[in-house]
Amino acid sequence: MLDRRSLLKLALAAQAVAGMPAWAGTAGPRLGPPQSFSYDWLKEHARALAAAPYREPPRPDPTIVQSIEYDAYGKLHFKPEYALFNEGEPGAFPITFMHVGQYFPKTVRMYALDGSGPDARAREVIYDPDYFTIAKDSPAARLPPQPSCIAGFWVREAKGGAEDWRKAEPWVTFLGASYFRAKGELGQVGASARGIAITPGGNGPEEFPDFTAFWFVPAPSASDPMTIYALLDGPSLAGAFRFLLRRTKGVVMDIEKTLFLRQPIDRIGLAPLTSMFWYSETVKQTGMDWRPEVHDSDGLAMWTGTGEHIWRPLNNPAHTVISSFLDTHPRGFGLLQRDRQFDHYLDGVRYDLRPSMWVEPLGDWGSGAVELVELPTDDEINDNIVTYWCPIKPARAGDRIELAYRLHWLADEPYPTPLGRCIATRLGRGGQPGQPRPDGVRKFMVEFLGAPLARLPYGVKPDPVLWSSRGKFSYVFMEAVPDDVPGHWRAQFDLTVDGNDPVEMRLFLKAGDEVLTETWLYQYHPFKSDARPVGY
């Protein structure tokens with residue numbers, strides 16, 4: 001996996017504007033001669049690319065670029081007067097660009113479009129070192145102007161909006177391979193999306209295709225979507241993308257992709273999401289870190305084709321684990337940050353404000369699986385969680401794959417279940433107080449909260465419905481959490497298992513024949529009571 005935490009830090013350093021000069025006019029970037037463009041042409045271009053041998057994107061002098069490390073990269077500020085669609089140009093949202101550096105060594109071509117119809121004309125952004133504040137002693141000063149040194153871009157807040165677009169954090173960022181991220185409704189960035197995932201978590205090195213070119217259509221107003229086209233290319237496939245970006249209370253993106261495969265792919269990840277999970281209240285080794293929790297996301301949520309809402313808390317395993325959740329006509333899935341209490345994190349980077357990401361399929365996705373890849377990490381710098389849709393049909397060389405979906409960057413999933421939801425999963429030593437605590441027995445506390453639980457008549461307890469792939473349950477009981485919050489209940493139970501193989505678990509609450517909660521799924525990795533918890 002790429003060290004996405006380091007990449008985020010670099011990107012944030014580069015967007016710092018304290019050193020930007022005062023507004024200096026409406027120069028805008030230099031543009032090349034007009035060329036015809038259409039989405040159909042882009043798809044045909046991607047198809048032709050896939051039919052030919054793969055060629056890497058151009059790279060400026062690798063020796064120099066490798067020397068543009070964290071500190072040097074953070075000083076390469078883009079000058080706002082050279083923004084595309086700046087104050088003197090059409091379009092509500094200015095575009096600023098990012099320089100190549102040690103972690104972003106490849107050139108990405110950028111184009112301005114005068115429309116999105118069949119008669120649209122594209123003009124390439126011509127790179128000029130003057131776009132950036134480059135000190136004389138910076139390694140970047142030694143790079144020639146060609147090939148271009150542009151590696152990515154930011155979509156800035158609207159001109160004339162409540163925030164000064166030259167100083168406010170951007171609301172969308174595309175930088176590195178096919179990664180992109182957006183600002184959620186709580187004003188933070190965190191987890192990332194990708195254009196494609198190719199066999200993530202496999203035995204061999206993961207392939208990371210690149211967005212090699214982008215085309216920007218100016219949005220007439222801040223209430224209109226901004227259209228961006230992208231070309232993807234990698235050793236195994238090429239593809240054409242169309243993004244419709246909407247600046248709502250968070251960010252909503254309508255995404256279309258058409259992929260053409262050069263080679264067969266064991267597991268192709270469509271609509272992939274990437275996040276970081278180090279630890280939460282579920283399992284934590286004493287003294288591992290001073291903070292109670294550290295994660296960008298705490299669970300995978302799924303809304304299946306049959307209408308079931310599922311919550312799967314994330315793990316930080318000792319080795320790579322890939323879980324598949326079979327489904328047909330899925331209604332949505334996402335990596336969510338449900339825990340929004342600051343004192344559960346106590347961190348200045350505000351993990352409590354990180355966005356939740358939700359994939360809403362558009363059209364019929366057929367049969368396949370939501371897959372979850374969990375990789376081990378011993379620090380917060382690594383994005384170790386990936387989830388995506390994997391079609392049941394094998395991905396063969398010569399295949400054409402088309403997909404459309406809506407990607408939400410919000411505080412919560414856009415279509416939450418009316419049932420009670422799982423809000424915490426806690427593990428402890430099994431057995432009873434005052435008695436020897438046996439190995440192989442784990443105690444679980446799973447908390448639920450929601451209106452159906454609050455409506456239960458006084459004295460009526462919900463019934464837990466439990467299942468596990470192996471092992472035996474004991475000491476199962478329900479109790480209202482003693483915090484005077486209506487509808488806040490927890491299921492407590494012990495699980496006794498032999499051996500170290502993972503255990504799949506399932507739980508929901510009901511009263512009579514009425515289902516009261518979503519379904520809790522969990523993959524338990526057994527560990528001894530006196531041992532270091534798995535993955536930590």
# chains A, B, ... in the order shown; residues from 1 in each chain; ligands from 1
call {"tool": "select_by_dssp", "arguments": {"residues": "segment 52-291 of chain A", "states": "alpha helix (DSSP H)", "output": "tab-separated table (two decimals) with C-alpha atoms, in the first residue's frame"}}
result
chain	number	residue	atom	x	y	z
A	62	PRO	CA	13.89	11.62	-11.50
A	63	THR	CA	17.10	12.48	-9.67
A	64	ILE	CA	15.98	16.05	-9.07
A	65	VAL	CA	12.38	15.14	-8.31
A	66	GLN	CA	13.47	12.60	-5.66
A	70	TYR	CA	8.74	16.94	2.52
A	71	ASP	CA	10.16	20.32	3.52
A	72	ALA	CA	11.09	21.39	-0.01
A	73	TYR	CA	7.72	20.29	-1.36
A	74	GLY	CA	5.83	22.25	1.29
call {"tool": "residues_around", "arguments": {"residues": "segment 276-278 of chain A", "least_positions_apart": "5", "cutoff": "7 Å", "atoms": "only C-alpha atoms", "output": "tab-separated table (two decimals) with C-alpha atoms, in the first residue's frame"}}
result
chain	number	residue	atom	x	y	z
A	294	VAL	CA	-7.00	6.71	16.17
A	295	HIS	CA	-8.84	6.14	12.90
A	296	ASP	CA	-10.30	7.91	9.87
A	297	SER	CA	-13.11	5.35	9.66
A	298	ASP	CA	-14.42	2.90	12.24
A	316	ASN	CA	-6.20	-3.95	12.42
A	377	THR	CA	-0.33	-1.19	10.68
A	378	ASP	CA	1.49	0.00	13.78
A	379	ASP	CA	1.02	3.70	13.13
A	380	GLU	CA	-1.52	6.18	11.78
A	382	ASN	CA	-0.60	4.16	6.70
A	383	ASP	CA	-3.93	3.83	4.97
A	384	ASN	CA	-4.53	0.14	5.68
A	385	ILE	CA	-8.22	-0.27	4.78
call {"tool": "closest_atom_pairs", "arguments": {"of": "segment 102-175 of chain A", "to": "segment 34-55 of chain A", "cutoff": "9 Å", "atoms": "only C-alpha atoms", "output": "tab-separated table"}}
result
residue	atom	partner	partner_atom	distance
A:Leu113	CA	A:Phe37	CA	8.2
A:Ser116	CA	A:Ser38	CA	6.9
A:Gly117	CA	A:Ser38	CA	6.6
A:Pro118	CA	A:Ser38	CA	5.4
A:Asp119	CA	A:Ser36	CA	7.0
A:Ala120	CA	A:Phe37	CA	5.6
A:Arg121	CA	A:Ser36	CA	4.7
A:Ala122	CA	A:Gln35	CA	5.0
A:Arg123	CA	A:Pro34	CA	4.8
A:Glu124	CA	A:Pro34	CA	7.9
call {"tool": "residues_around", "arguments": {"residues": "segment 389-403 of chain A", "least_positions_apart": "3", "cutoff": "6 Å", "atoms": "only C-alpha atoms", "output": "list in words"}}
result
Glu256, Lys257, Thr258, Leu259, Phe260, Leu261, Arg262, Gln263, Pro264, Ile265, Ile268, Gly269, Leu270, Ser367, Gly368, Ala369 and Val370 of chain A
call {"tool": "write_last_selection", "arguments": {"atoms": "N, CA and C atoms", "output": "PDB file, in the first residue's frame"}}
result
ATOM      1  N   GLU A 256     -18.918   8.319 -13.695  1.00  0.00           N
ATOM      2  CA  GLU A 256     -19.067   7.306 -14.740  1.00  0.00           C
ATOM      3  C   GLU A 256     -17.684   6.864 -15.163  1.00  0.00           C
ATOM      4  N   LYS A 257     -17.520   5.569 -15.379  1.00  0.00           N
ATOM      5  CA  LYS A 257     -16.226   5.078 -15.842  1.00  0.00           C
ATOM      6  C   LYS A 257     -16.439   3.993 -16.888  1.00  0.00           C
ATOM      7  N   THR A 258     -15.594   4.020 -17.902  1.00  0.00           N
ATOM      8  CA  THR A 258     -15.553   2.974 -18.921  1.00  0.00           C
ATOM      9  C   THR A 258     -14.119   2.478 -18.983  1.00  0.00           C
ATOM     10  N   LEU A 259     -13.933   1.190 -18.670  1.00  0.00           N
ATOM     11  CA  LEU A 259     -12.605   0.604 -18.558  1.00  0.00           C
ATOM     12  C   LEU A 259     -12.383  -0.409 -19.669  1.00  0.00           C
ATOM     13  N   PHE A 260     -11.153  -0.430 -20.177  1.00  0.00           N
ATOM     14  CA  PHE A 260     -10.760  -1.377 -21.222  1.00  0.00           C
ATOM     15  C   PHE A 260      -9.538  -2.140 -20.715  1.00  0.00           C
ATOM     16  N   LEU A 261      -9.650  -3.456 -20.654  1.00  0.00           N
ATOM     17  CA  LEU A 261      -8.608  -4.266 -20.025  1.00  0.00           C
ATOM     18  C   LEU A 261      -7.565  -4.739 -21.035  1.00  0.00           C
ATOM     19  N   ARG A 262      -6.303  -4.447 -20.714  1.00  0.00           N
ATOM     20  CA  ARG A 262      -5.184  -4.990 -21.489  1.00  0.00           C
ATOM     21  C   ARG A 262      -4.895  -6.430 -21.097  1.00  0.00           C
ATOM     22  N   GLN A 263      -5.040  -6.692 -19.793  1.00  0.00           N
ATOM     23  CA  GLN A 263      -4.665  -7.980 -19.234  1.00  0.00           C
ATOM     24  C   GLN A 263      -5.783  -8.489 -18.327  1.00  0.00           C
ATOM     25  N   PRO A 264      -5.819  -9.801 -18.088  1.00  0.00           N
ATOM     26  CA  PRO A 264      -6.773 -10.307 -17.089  1.00  0.00           C
ATOM     27  C   PRO A 264      -6.385  -9.825 -15.699  1.00  0.00           C
ATOM     28  N   ILE A 265      -7.376  -9.624 -14.832  1.00  0.00           N
ATOM     29  CA  ILE A 265      -7.149  -9.131 -13.470  1.00  0.00           C
ATOM     30  C   ILE A 265      -7.832 -10.086 -12.499  1.00  0.00           C
ATOM     31  N   ILE A 268     -10.705  -7.183  -9.537  1.00  0.00           N
ATOM     32  CA  ILE A 268     -10.781  -5.778  -9.926  1.00  0.00           C
ATOM     33  C   ILE A 268     -11.709  -5.066  -8.953  1.00  0.00           C
ATOM     34  N   GLY A 269     -11.219  -3.985  -8.360  1.00  0.00           N
ATOM     35  CA  GLY A 269     -11.977  -3.241  -7.374  1.00  0.00           C
ATOM     36  C   GLY A 269     -12.608  -2.009  -7.987  1.00  0.00           C
ATOM     37  N   LEU A 270     -13.936  -2.027  -8.128  1.00  0.00           N
ATOM     38  CA  LEU A 270     -14.663  -0.894  -8.693  1.00  0.00           C
ATOM     39  C   LEU A 270     -15.204  -0.029  -7.567  1.00  0.00           C
ATOM     40  N   SER A 367     -24.469  -9.049  -9.902  1.00  0.00           N
ATOM     41  CA  SER A 367     -23.994  -9.854  -8.777  1.00  0.00           C
ATOM     42  C   SER A 367     -22.494  -9.691  -8.590  1.00  0.00           C
ATOM     43  N   GLY A 368     -22.080  -9.802  -7.354  1.00  0.00           N
ATOM     44  CA  GLY A 368     -20.670  -9.673  -7.018  1.00  0.00           C
ATOM     45  C   GLY A 368     -20.503  -9.663  -5.518  1.00  0.00           C
ATOM     46  N   ALA A 369     -19.539  -8.904  -5.055  1.00  0.00           N
ATOM     47  CA  ALA A 369     -19.275  -8.836  -3.618  1.00  0.00           C
ATOM     48  C   ALA A 369     -18.681  -7.485  -3.260  1.00  0.00           C
ATOM     49  N   VAL A 370     -19.110  -6.977  -2.110  1.00  0.00           N
ATOM     50  CA  VAL A 370     -18.362  -5.894  -1.473  1.00  0.00           C
ATOM     51  C   VAL A 370     -17.189  -6.566  -0.761  1.00  0.00           C
TER      52      VAL A 370
END
call {"tool": "closest_atom_pairs", "arguments": {"of": "segment 104-138 of chain A", "to": "segment 166-177 of chain A", "cutoff": "12 Å", "atoms": "only C-alpha atoms", "output": "JSON lines"}}
result
{"residue": "A:Phe104", "atom": "CA", "partner": "A:Gly176", "partner_atom": "CA", "distance": 5.7}
{"residue": "A:Pro105", "atom": "CA", "partner": "A:Gly176", "partner_atom": "CA", "distance": 8.7}
{"residue": "A:Lys106", "atom": "CA", "partner": "A:Gly176", "partner_atom": "CA", "distance": 8.4}
{"residue": "A:Thr107", "atom": "CA", "partner": "A:Gly176", "partner_atom": "CA", "distance": 10.1}
{"residue": "A:Val108", "atom": "CA", "partner": "A:Leu175", "partner_atom": "CA", "distance": 9.4}
{"residue": "A:Met110", "atom": "CA", "partner": "A:Phe174", "partner_atom": "CA", "distance": 11.8}
call {"tool": "residues_around", "arguments": {"residues": "segment 476-485 of chain A", "least_positions_apart": "5", "cutoff": "7 Å", "atoms": "only C-alpha atoms", "output": "mmCIF file with N, CA and C atoms, in the first residue's frame"}}
result
data_model
loop_
_atom_site.group_PDB
_atom_site.id
_atom_site.type_symbol
_atom_site.label_atom_id
_atom_site.label_comp_id
_atom_site.auth_asym_id
_atom_site.auth_seq_id
_atom_site.Cartn_x
_atom_site.Cartn_y
_atom_site.Cartn_z
ATOM 1 N N LYS A 461 -37.207 -6.229 27.427
ATOM 2 C CA LYS A 461 -35.839 -6.233 26.922
ATOM 3 C C LYS A 461 -35.806 -6.775 25.492
ATOM 4 N N ARG A 490 -27.134 -2.524 25.299
ATOM 5 C CA ARG A 490 -25.952 -3.294 24.936
ATOM 6 C C ARG A 490 -26.200 -4.777 25.175
ATOM 7 N N ALA A 491 -25.670 -5.554 24.220
ATOM 8 C CA ALA A 491 -25.676 -7.007 24.337
ATOM 9 C C ALA A 491 -24.323 -7.433 24.887
ATOM 10 N N GLN A 492 -24.353 -8.265 25.943
ATOM 11 C CA GLN A 492 -23.119 -8.773 26.532
ATOM 12 C C GLN A 492 -23.114 -10.291 26.397
ATOM 13 N N PHE A 493 -21.979 -10.851 25.999
ATOM 14 C CA PHE A 493 -21.877 -12.301 25.869
ATOM 15 C C PHE A 493 -20.407 -12.704 25.847
ATOM 16 N N ASP A 494 -20.166 -13.950 26.209
ATOM 17 C CA ASP A 494 -18.836 -14.546 26.118
ATOM 18 C C ASP A 494 -18.806 -15.504 24.934
#
call {"tool": "residues_around", "arguments": {"residues": "Ala193 of chain A", "least_positions_apart": "3", "cutoff": "8 Å", "atoms": "only C-alpha atoms", "output": "list in words"}}
result
Tyr179, Phe180, Arg181, Ala271, Pro272, Leu273 and Thr274 of chain A
